Amino acid sequence: MGLGAFNPNMLYPESLEQKLGFDKIRQLLREECVSSLGQRFVDRIQFSNNYELIDKFAKQTAEFYNILVLGEEFPSQNYLDLSPQLAKAGLENAFLTEAEFHDLKLSLQTIYQCVQFLRKRPAEMYPQLRELAEPVGIDPDLIKHIELVIDDRGKVRDNASFELKRIRVAILQEQNNLRKSLDSILRQAKSQGFAKDDAQLTLRDGRMVIPIASEHKRKIKGFVHDESATGQTVYLEPTEILDLNNEIRELEYQEKREIIRILTELTNRVRPYIPDLKEAYRFLGVIDFIRAKARFAQKIRGINPFFEKTPLVKWRQARHPLLYLNHTAQGKPTIPLDIQLNAQKRILLISGPNAGGKSVALKTVGLLQYMYQCGLLVPVAEGTVFGLFRDIFIDMGDEQSIENDLSTYSSHLTNMRHFLRHADKSSLLLIDEFGTGTEPAMGGAIAEAILVKLNQVKAWGVVTTHYTNLKFLAENTEGLVNGAMLFDSQHLEPLYQLEIGRPGSSFAFEIAGKIGLPKEVIAMGRDKVGVKQVNIDTLLRELEHEKKVFSDKNALIAQKEKALTELTEKYEKLRSQLENDKKIILNRAKQDAQNLVKDANKRIETTIKDIKDSQASKEVVKEARQELQTYTQVELKQEQVILPVEENPEVEVIAGEIEIGDKVRIKETETIGEVLALKGKDVEILIGELKSTVKLSRLERVNRQMLREQKKEIARSFAGIDVTDKFMNFSTRLDIRGMRGDEALDTLADFMDDAFLTSQTILQIVHGKGDGILRKLIREALRKYSQVQKMEDEHADRGGDGVTWVYLR
């Protein structure tokens, strides 16, 4: 499906698709199609700068992507191209064959099912696809009529007409008679030795015959139709059945004429629908094409980003689709790029070492922008914004031409001439290795002049270069911005990460040293370049290293701040919980005291009533008074925190005499205490921090041994630990370099205990490299902790396997 007519000013050069790799994208899309209908639309894909059209096609693809993700059963078979057959059916007196009608029936059923799928869904679910289906008209009666004539095997049904049924019944009867006659003749021939015992009836030229040995062919009258490859067997039609075979052949001719009549009549019925059918098959091709785009988007993890009508590049986690597919097949990660160009920073100048990813970054920008303006989904992260460009111009690769007598540099200048003539504020320029191909000083000067002019017309673009003068220009000119491909300066390895805002170093001398060039050659090269240039390159390299170090430290600080924030929240929550528990404990103690007083008052009233009722003597009154005083003796330790009584403890009443140290419960209450002393019928018990004297008869012995042991264990575990201090002063970094093995393990055990107590999630243990013994010892000890989720080495330039990161569950 075309996205707009080709304009020579829109794309430059004509080989742009091949340079960007879109020709490979086109081939992958063809492979995702299930019919030639869809493949034809893939072949017609064109770059467009029509905002509404691009937005429409991208939304169509995104809607079908959702169908695939949801696993909906969208029709996927019989996407057949019947365009030639429809053209044939449009001719008067022409007719479609049985096979052609069979294909027509199957494909029309698919079209009808596609349309019904979209029309039965809510309008807001797939609005763009539903709009495609609206004008498609397939008369269900037409499909039904074809089905009445053509069966599932692609043959005209017996009951397609009365005459056809009569003819086919007659054929069956005659064939049955013929077979009986031939069976009789063949049996007689076998008995006479004229035919082999395993000989069977067969057909030759549409006539039924019997196999006879060549030497006996004169012994049976008949017509020889064929012979075997060896010549030892002939296939003979006996004279007795000539008439039967002729009758069958005549009936078959009648059948064929009747079938042609039926097919002609059916073709005449289809002919008025041909304009609608052509539109329906176009719809089928479009659906196949859109589904192919959606299936490809699944493979490259493409999305439909935000789309603005003005030039803009605001991409997050952009990946080159072909590189991503290749790396995925090899099980390798693809490092994404974050790229942002705006009105103040329109042209990005990328510098850095060779093989560091500059050209890949440039091609990623060009290919993704081209793909999206062709209506494809693109592999970027959510939050990405794509802008609209009228033109895409590229200068990439060696374009020297023998025919036109152009050198590489002349070819570059020819491209620059086109850029200067046609580029404006709606153009996207992609220039790889800007200014190369001639003497560096001259090439750099011309490149700088061209870049100034392109910036003046407010063009947009991505440029890769090694020239220092262009880096300085970008640093001091509005509209331009430097970018660097990051490089591991310690190991001299590219990181393939783009950082916008500063230039990159080429690391030429360092890479030369790693490759193995003689030191005197490298030293001579430094002298030839000059002190100023070397100092600039060294400064860039040092800045790059320092920025990486500070970036890592900032990340670690942010991580620690996050952990501190979480710990602070936990501390505040714990403090609030302790305050609430304190109130609950005090209220419970007050309630227990009130209950004791109420019990005492009830006992007093009962005693007074007993004295009055019995008119007791002075000795009885004295004894009752003494008992009451004993019962109400309560010693409260003032200004002490009362330990809480557990709610709903599991209490088991046990038999046996109550002794000192037993756990007891006051009958018909939930009050639990510990026996301190036995005084005859009185018992002194400790309820929390409250001492009380209670009658022995009012107590029952309970089993609280496990509870007591548990409380003692908890008390021992936290004795002497200042939890608040641990939260505030704990460091997630442990340095055990230089320690002996047993000393290191003891230190590690204390460190891990404090980490669990303070709810840490990430720890760093510095053990050094050495011969690896301490590292192995530490990691084996860490594996014994169930709380350890995983371990990994530090980055190579920050300690490598001399540092272990520990991640806790």
# chains A, B, ... in the order shown; residues from 1 in each chain; ligands from 1
call {"tool": "residues_around", "arguments": {"residues": "region 119-126 of chain A", "least_positions_apart": "5", "cutoff": "10 Å", "atoms": "only C-alpha atoms", "output": "PDB file with all heavy atoms, in the first residue's frame"}}
result
ATOM      1  N   LYS A  59      -1.577   3.496  13.189  1.00  0.00           N
ATOM      2  CA  LYS A  59      -2.647   3.070  14.093  1.00  0.00           C
ATOM      3  C   LYS A  59      -3.269   1.753  13.626  1.00  0.00           C
ATOM      4  O   LYS A  59      -3.641   0.908  14.451  1.00  0.00           O
ATOM      5  CB  LYS A  59      -3.711   4.161  14.190  1.00  0.00           C
ATOM      6  CG  LYS A  59      -3.271   5.361  15.027  1.00  0.00           C
ATOM      7  CD  LYS A  59      -4.342   6.429  15.071  1.00  0.00           C
ATOM      8  CE  LYS A  59      -3.915   7.600  15.949  1.00  0.00           C
ATOM      9  NZ  LYS A  59      -4.920   8.689  15.951  1.00  0.00           N
ATOM     10  N   GLN A  60      -3.415   1.577  12.310  1.00  0.00           N
ATOM     11  CA  GLN A  60      -3.925   0.307  11.800  1.00  0.00           C
ATOM     12  C   GLN A  60      -3.028  -0.850  12.256  1.00  0.00           C
ATOM     13  O   GLN A  60      -3.513  -1.881  12.739  1.00  0.00           O
ATOM     14  CB  GLN A  60      -3.968   0.340  10.269  1.00  0.00           C
ATOM     15  CG  GLN A  60      -5.058   1.212   9.678  1.00  0.00           C
ATOM     16  CD  GLN A  60      -4.965   1.287   8.166  1.00  0.00           C
ATOM     17  OE1 GLN A  60      -3.994   0.791   7.572  1.00  0.00           O
ATOM     18  NE2 GLN A  60      -5.944   1.891   7.529  1.00  0.00           N
ATOM     19  N   ALA A  62      -0.936  -0.870  14.779  1.00  0.00           N
ATOM     20  CA  ALA A  62      -0.999  -1.006  16.240  1.00  0.00           C
ATOM     21  C   ALA A  62      -2.255  -1.763  16.661  1.00  0.00           C
ATOM     22  O   ALA A  62      -2.216  -2.559  17.609  1.00  0.00           O
ATOM     23  CB  ALA A  62      -0.971   0.372  16.886  1.00  0.00           C
ATOM     24  N   GLU A  63      -3.380  -1.535  15.969  1.00  0.00           N
ATOM     25  CA  GLU A  63      -4.609  -2.245  16.302  1.00  0.00           C
ATOM     26  C   GLU A  63      -4.468  -3.738  16.018  1.00  0.00           C
ATOM     27  O   GLU A  63      -4.907  -4.579  16.821  1.00  0.00           O
ATOM     28  CB  GLU A  63      -5.779  -1.659  15.511  1.00  0.00           C
ATOM     29  CG  GLU A  63      -6.215  -0.296  16.014  1.00  0.00           C
ATOM     30  CD  GLU A  63      -7.355   0.299  15.210  1.00  0.00           C
ATOM     31  OE1 GLU A  63      -7.915  -0.399  14.332  1.00  0.00           O
ATOM     32  OE2 GLU A  63      -7.712   1.471  15.437  1.00  0.00           O
ATOM     33  N   PHE A  64      -3.839  -4.087  14.894  1.00  0.00           N
ATOM     34  CA  PHE A  64      -3.666  -5.508  14.600  1.00  0.00           C
ATOM     35  C   PHE A  64      -2.655  -6.131  15.558  1.00  0.00           C
ATOM     36  O   PHE A  64      -2.759  -7.309  15.918  1.00  0.00           O
ATOM     37  CB  PHE A  64      -3.218  -5.727  13.147  1.00  0.00           C
ATOM     38  CG  PHE A  64      -3.737  -7.023  12.581  1.00  0.00           C
ATOM     39  CD1 PHE A  64      -4.712  -7.038  11.596  1.00  0.00           C
ATOM     40  CD2 PHE A  64      -3.276  -8.234  13.049  1.00  0.00           C
ATOM     41  CE1 PHE A  64      -5.209  -8.226  11.097  1.00  0.00           C
ATOM     42  CE2 PHE A  64      -3.767  -9.431  12.551  1.00  0.00           C
ATOM     43  CZ  PHE A  64      -4.732  -9.429  11.585  1.00  0.00           C
ATOM     44  N   ASN A  66      -2.489  -5.418  18.632  1.00  0.00           N
ATOM     45  CA  ASN A  66      -3.300  -5.742  19.814  1.00  0.00           C
ATOM     46  C   ASN A  66      -4.086  -7.034  19.604  1.00  0.00           C
ATOM     47  O   ASN A  66      -4.270  -7.811  20.545  1.00  0.00           O
ATOM     48  CB  ASN A  66      -4.245  -4.587  20.133  1.00  0.00           C
ATOM     49  CG  ASN A  66      -3.511  -3.366  20.659  1.00  0.00           C
ATOM     50  OD1 ASN A  66      -2.408  -3.485  21.184  1.00  0.00           O
ATOM     51  ND2 ASN A  66      -4.102  -2.202  20.498  1.00  0.00           N
ATOM     52  N   ILE A  67      -4.585  -7.250  18.384  1.00  0.00           N
ATOM     53  CA  ILE A  67      -5.291  -8.506  18.089  1.00  0.00           C
ATOM     54  C   ILE A  67      -4.367  -9.696  18.339  1.00  0.00           C
ATOM     55  O   ILE A  67      -4.762 -10.697  18.939  1.00  0.00           O
ATOM     56  CB  ILE A  67      -5.807  -8.515  16.635  1.00  0.00           C
ATOM     57  CG1 ILE A  67      -6.928  -7.479  16.460  1.00  0.00           C
ATOM     58  CG2 ILE A  67      -6.303  -9.902  16.235  1.00  0.00           C
ATOM     59  CD1 ILE A  67      -7.431  -7.341  15.039  1.00  0.00           C
ATOM     60  N   GLN A 113     -15.434 -13.616   6.857  1.00  0.00           N
ATOM     61  CA  GLN A 113     -15.107 -13.814   8.279  1.00  0.00           C
ATOM     62  C   GLN A 113     -14.286 -12.651   8.834  1.00  0.00           C
ATOM     63  O   GLN A 113     -14.490 -12.232   9.983  1.00  0.00           O
ATOM     64  CB  GLN A 113     -14.337 -15.127   8.450  1.00  0.00           C
ATOM     65  CG  GLN A 113     -15.181 -16.369   8.211  1.00  0.00           C
ATOM     66  CD  GLN A 113     -14.338 -17.615   8.027  1.00  0.00           C
ATOM     67  OE1 GLN A 113     -13.111 -17.583   8.100  1.00  0.00           O
ATOM     68  NE2 GLN A 113     -15.002 -18.731   7.753  1.00  0.00           N
ATOM     69  N   CYS A 114     -13.365 -12.096   8.024  1.00  0.00           N
ATOM     70  CA  CYS A 114     -12.572 -10.933   8.462  1.00  0.00           C
ATOM     71  C   CYS A 114     -13.474  -9.738   8.734  1.00  0.00           C
ATOM     72  O   CYS A 114     -13.344  -9.048   9.752  1.00  0.00           O
ATOM     73  CB  CYS A 114     -11.535 -10.571   7.400  1.00  0.00           C
ATOM     74  SG  CYS A 114     -10.198 -11.769   7.213  1.00  0.00           S
ATOM     75  N   GLU A 131     -12.886   0.712   9.953  1.00  0.00           N
ATOM     76  CA  GLU A 131     -13.120   1.658   8.858  1.00  0.00           C
ATOM     77  C   GLU A 131     -12.725   1.036   7.517  1.00  0.00           C
ATOM     78  O   GLU A 131     -13.379   1.271   6.492  1.00  0.00           O
ATOM     79  CB  GLU A 131     -12.309   2.934   9.112  1.00  0.00           C
ATOM     80  CG  GLU A 131     -12.518   4.009   8.055  1.00  0.00           C
ATOM     81  CD  GLU A 131     -11.685   5.249   8.322  1.00  0.00           C
ATOM     82  OE1 GLU A 131     -11.276   5.455   9.487  1.00  0.00           O
ATOM     83  OE2 GLU A 131     -11.427   6.001   7.377  1.00  0.00           O
ATOM     84  N   ALA A 133     -12.975  -2.095   6.794  1.00  0.00           N
ATOM     85  CA  ALA A 133     -13.939  -3.142   6.464  1.00  0.00           C
ATOM     86  C   ALA A 133     -15.301  -2.592   6.069  1.00  0.00           C
ATOM     87  O   ALA A 133     -16.100  -3.312   5.444  1.00  0.00           O
ATOM     88  CB  ALA A 133     -14.101  -4.079   7.659  1.00  0.00           C
ATOM     89  N   GLU A 134     -15.589  -1.354   6.416  1.00  0.00           N
ATOM     90  CA  GLU A 134     -16.937  -0.802   6.189  1.00  0.00           C
ATOM     91  C   GLU A 134     -17.385  -0.887   4.737  1.00  0.00           C
ATOM     92  O   GLU A 134     -18.514  -1.301   4.452  1.00  0.00           O
ATOM     93  CB  GLU A 134     -17.006   0.643   6.701  1.00  0.00           C
ATOM     94  CG  GLU A 134     -17.065   0.778   8.206  1.00  0.00           C
ATOM     95  CD  GLU A 134     -18.262   0.059   8.807  1.00  0.00           C
ATOM     96  OE1 GLU A 134     -19.314  -0.020   8.148  1.00  0.00           O
ATOM     97  OE2 GLU A 134     -18.140  -0.444   9.940  1.00  0.00           O
TER      98      GLU A 134
END
call {"tool": "residues_around", "arguments": {"residues": "Glu240 (chain A)", "least_positions_apart": "5", "cutoff": "9 Å", "atoms": "only C-alpha atoms", "output": "MDAnalysis selection string"}}
result
chainID A and resid 181:182 221:222
call {"tool": "write_last_selection", "arguments": {"atoms": "N, CA and C atoms", "output": "JSON list (two decimals), in the first residue's frame"}}
result
[["chain", "number", "residue", "atom", "x", "y", "z"],
["A", 181, "SER", "N", -18.32, -57.73, -16.04],
["A", 181, "SER", "CA", -17.93, -58.44, -17.27],
["A", 181, "SER", "C", -16.43, -58.66, -17.32],
["A", 182, "LEU", "N", -15.67, -57.63, -16.99],
["A", 182, "LEU", "CA", -14.22, -57.74, -17.03],
["A", 182, "LEU", "C", -13.70, -58.71, -15.98],
["A", 221, "LYS", "N", -9.77, -61.93, -28.09],
["A", 221, "LYS", "CA", -10.10, -60.88, -29.03],
["A", 221, "LYS", "C", -10.30, -59.56, -28.29],
["A", 222, "GLY", "N", -9.68, -58.54, -28.85],
["A", 222, "GLY", "CA", -9.85, -57.23, -28.25],
["A", 222, "GLY", "C", -8.85, -56.21, -28.78]]
call {"tool": "closest_residue", "arguments": {"among": "A:Lys19, A:Arg187, A:His225, A:Arg733", "to": "Leu203 (chain A)", "atoms": "only C-alpha atoms"}}
result
A:His225
call {"tool": "closest_residue", "arguments": {"among": "A:Asn177, A:Thr436, A:Thr97, A:Thr364", "to": "Tyr467 (chain A)", "atoms": "only C-alpha atoms"}}
result
A:Thr436
call {"tool": "select_by_dssp", "arguments": {"residues": "region 109-253 of chain A", "states": "helix (DSSP H, G or I)", "output": "VMD selection string"}}
result
chain A and resid 109 to 120 127 to 133 140 to 149 158 to 160 162 to 191 214 to 219 239 to 253
call {"tool": "residues_around", "arguments": {"residues": "Val270 (chain A)", "least_positions_apart": "2", "cutoff": "12 Å", "atoms": "only C-alpha atoms", "output": "ChimeraX atom specification"}}
result
/A:85-92,94-96,101,104-105,108,138-139,141-146,263-268,272-278
call {"tool": "residues_around", "arguments": {"residues": "Glu700 (chain A)", "least_positions_apart": "6", "cutoff": "7 Å", "atoms": "only C-alpha atoms", "output": "VMD selection string"}}
result
chain A and resid 653 664 to 667
call {"tool": "write_last_selection", "arguments": {"atoms": "N, CA and C atoms", "output": "PDB file, in the first residue's frame"}}
result
ATOM      1  N   VAL A 653      -4.707 -26.027  80.535  1.00  0.00           N
ATOM      2  CA  VAL A 653      -4.815 -26.287  81.979  1.00  0.00           C
ATOM      3  C   VAL A 653      -4.265 -27.686  82.244  1.00  0.00           C
ATOM      4  N   VAL A 664       0.064 -19.723  86.336  1.00  0.00           N
ATOM      5  CA  VAL A 664      -1.290 -19.981  86.816  1.00  0.00           C
ATOM      6  C   VAL A 664      -2.238 -18.958  86.231  1.00  0.00           C
ATOM      7  N   ARG A 665      -3.519 -19.329  86.233  1.00  0.00           N
ATOM      8  CA  ARG A 665      -4.554 -18.414  85.759  1.00  0.00           C
ATOM      9  C   ARG A 665      -5.624 -18.318  86.831  1.00  0.00           C
ATOM     10  N   ILE A 666      -6.114 -17.067  87.089  1.00  0.00           N
ATOM     11  CA  ILE A 666      -7.241 -16.873  88.010  1.00  0.00           C
ATOM     12  C   ILE A 666      -8.476 -17.426  87.328  1.00  0.00           C
ATOM     13  N   LYS A 667      -9.157 -18.355  87.972  1.00  0.00           N
ATOM     14  CA  LYS A 667     -10.292 -19.034  87.385  1.00  0.00           C
ATOM     15  C   LYS A 667     -11.342 -18.038  86.906  1.00  0.00           C
TER      16      LYS A 667
END
call {"tool": "closest_residue", "arguments": {"among": "A:Leu413, A:Leu312, A:Leu244, A:Ile450", "to": "Ser427 (chain A)", "atoms": "only C-alpha atoms"}}
result
A:Leu312
call {"tool": "residues_around", "arguments": {"residues": "Met396 (chain A)", "least_positions_apart": "3", "cutoff": "10 Å", "atoms": "only C-alpha atoms", "output": "number ranges by chain"}}
result
A: 13, 16, 19-20, 359, 362-363, 393, 399, 412, 415, 430-434
call {"tool": "closest_residue", "arguments": {"among": "A:Thr761, A:Asn469, A:Thr230, A:Thr568", "to": "Asn729 (chain A)", "atoms": "only C-alpha atoms"}}
result
A:Thr568
call {"tool": "residues_around", "arguments": {"residues": "Leu763 (chain A)", "least_positions_apart": "6", "cutoff": "9 Å", "atoms": "only C-alpha atoms", "output": "list in words"}}
result
Ser731, Thr732, Arg733, Leu734, Ala755, Thr804, Trp805, Val806, Tyr807 and Leu808 of chain A
call {"tool": "residues_around", "arguments": {"residues": "region 786-791 of chain A", "least_positions_apart": "3", "cutoff": "12 Å", "atoms": "only C-alpha atoms", "output": "PyMOL selection string"}}
result
chain A and resi 752-753+755-756+759-765+775+778-783+794+801+803-809
call {"tool": "closest_residue", "arguments": {"among": "A:Val481, A:Leu236, A:Ala160, A:Ala213", "to": "Glu255 (chain A)", "atoms": "only C-alpha atoms"}}
result
A:Ala160
call {"tool": "atom_distance", "arguments": {"atom1": "CA of Lys217 (chain A)", "atom2": "CA of Glu174 (chain A)"}}
result
25.6 Å
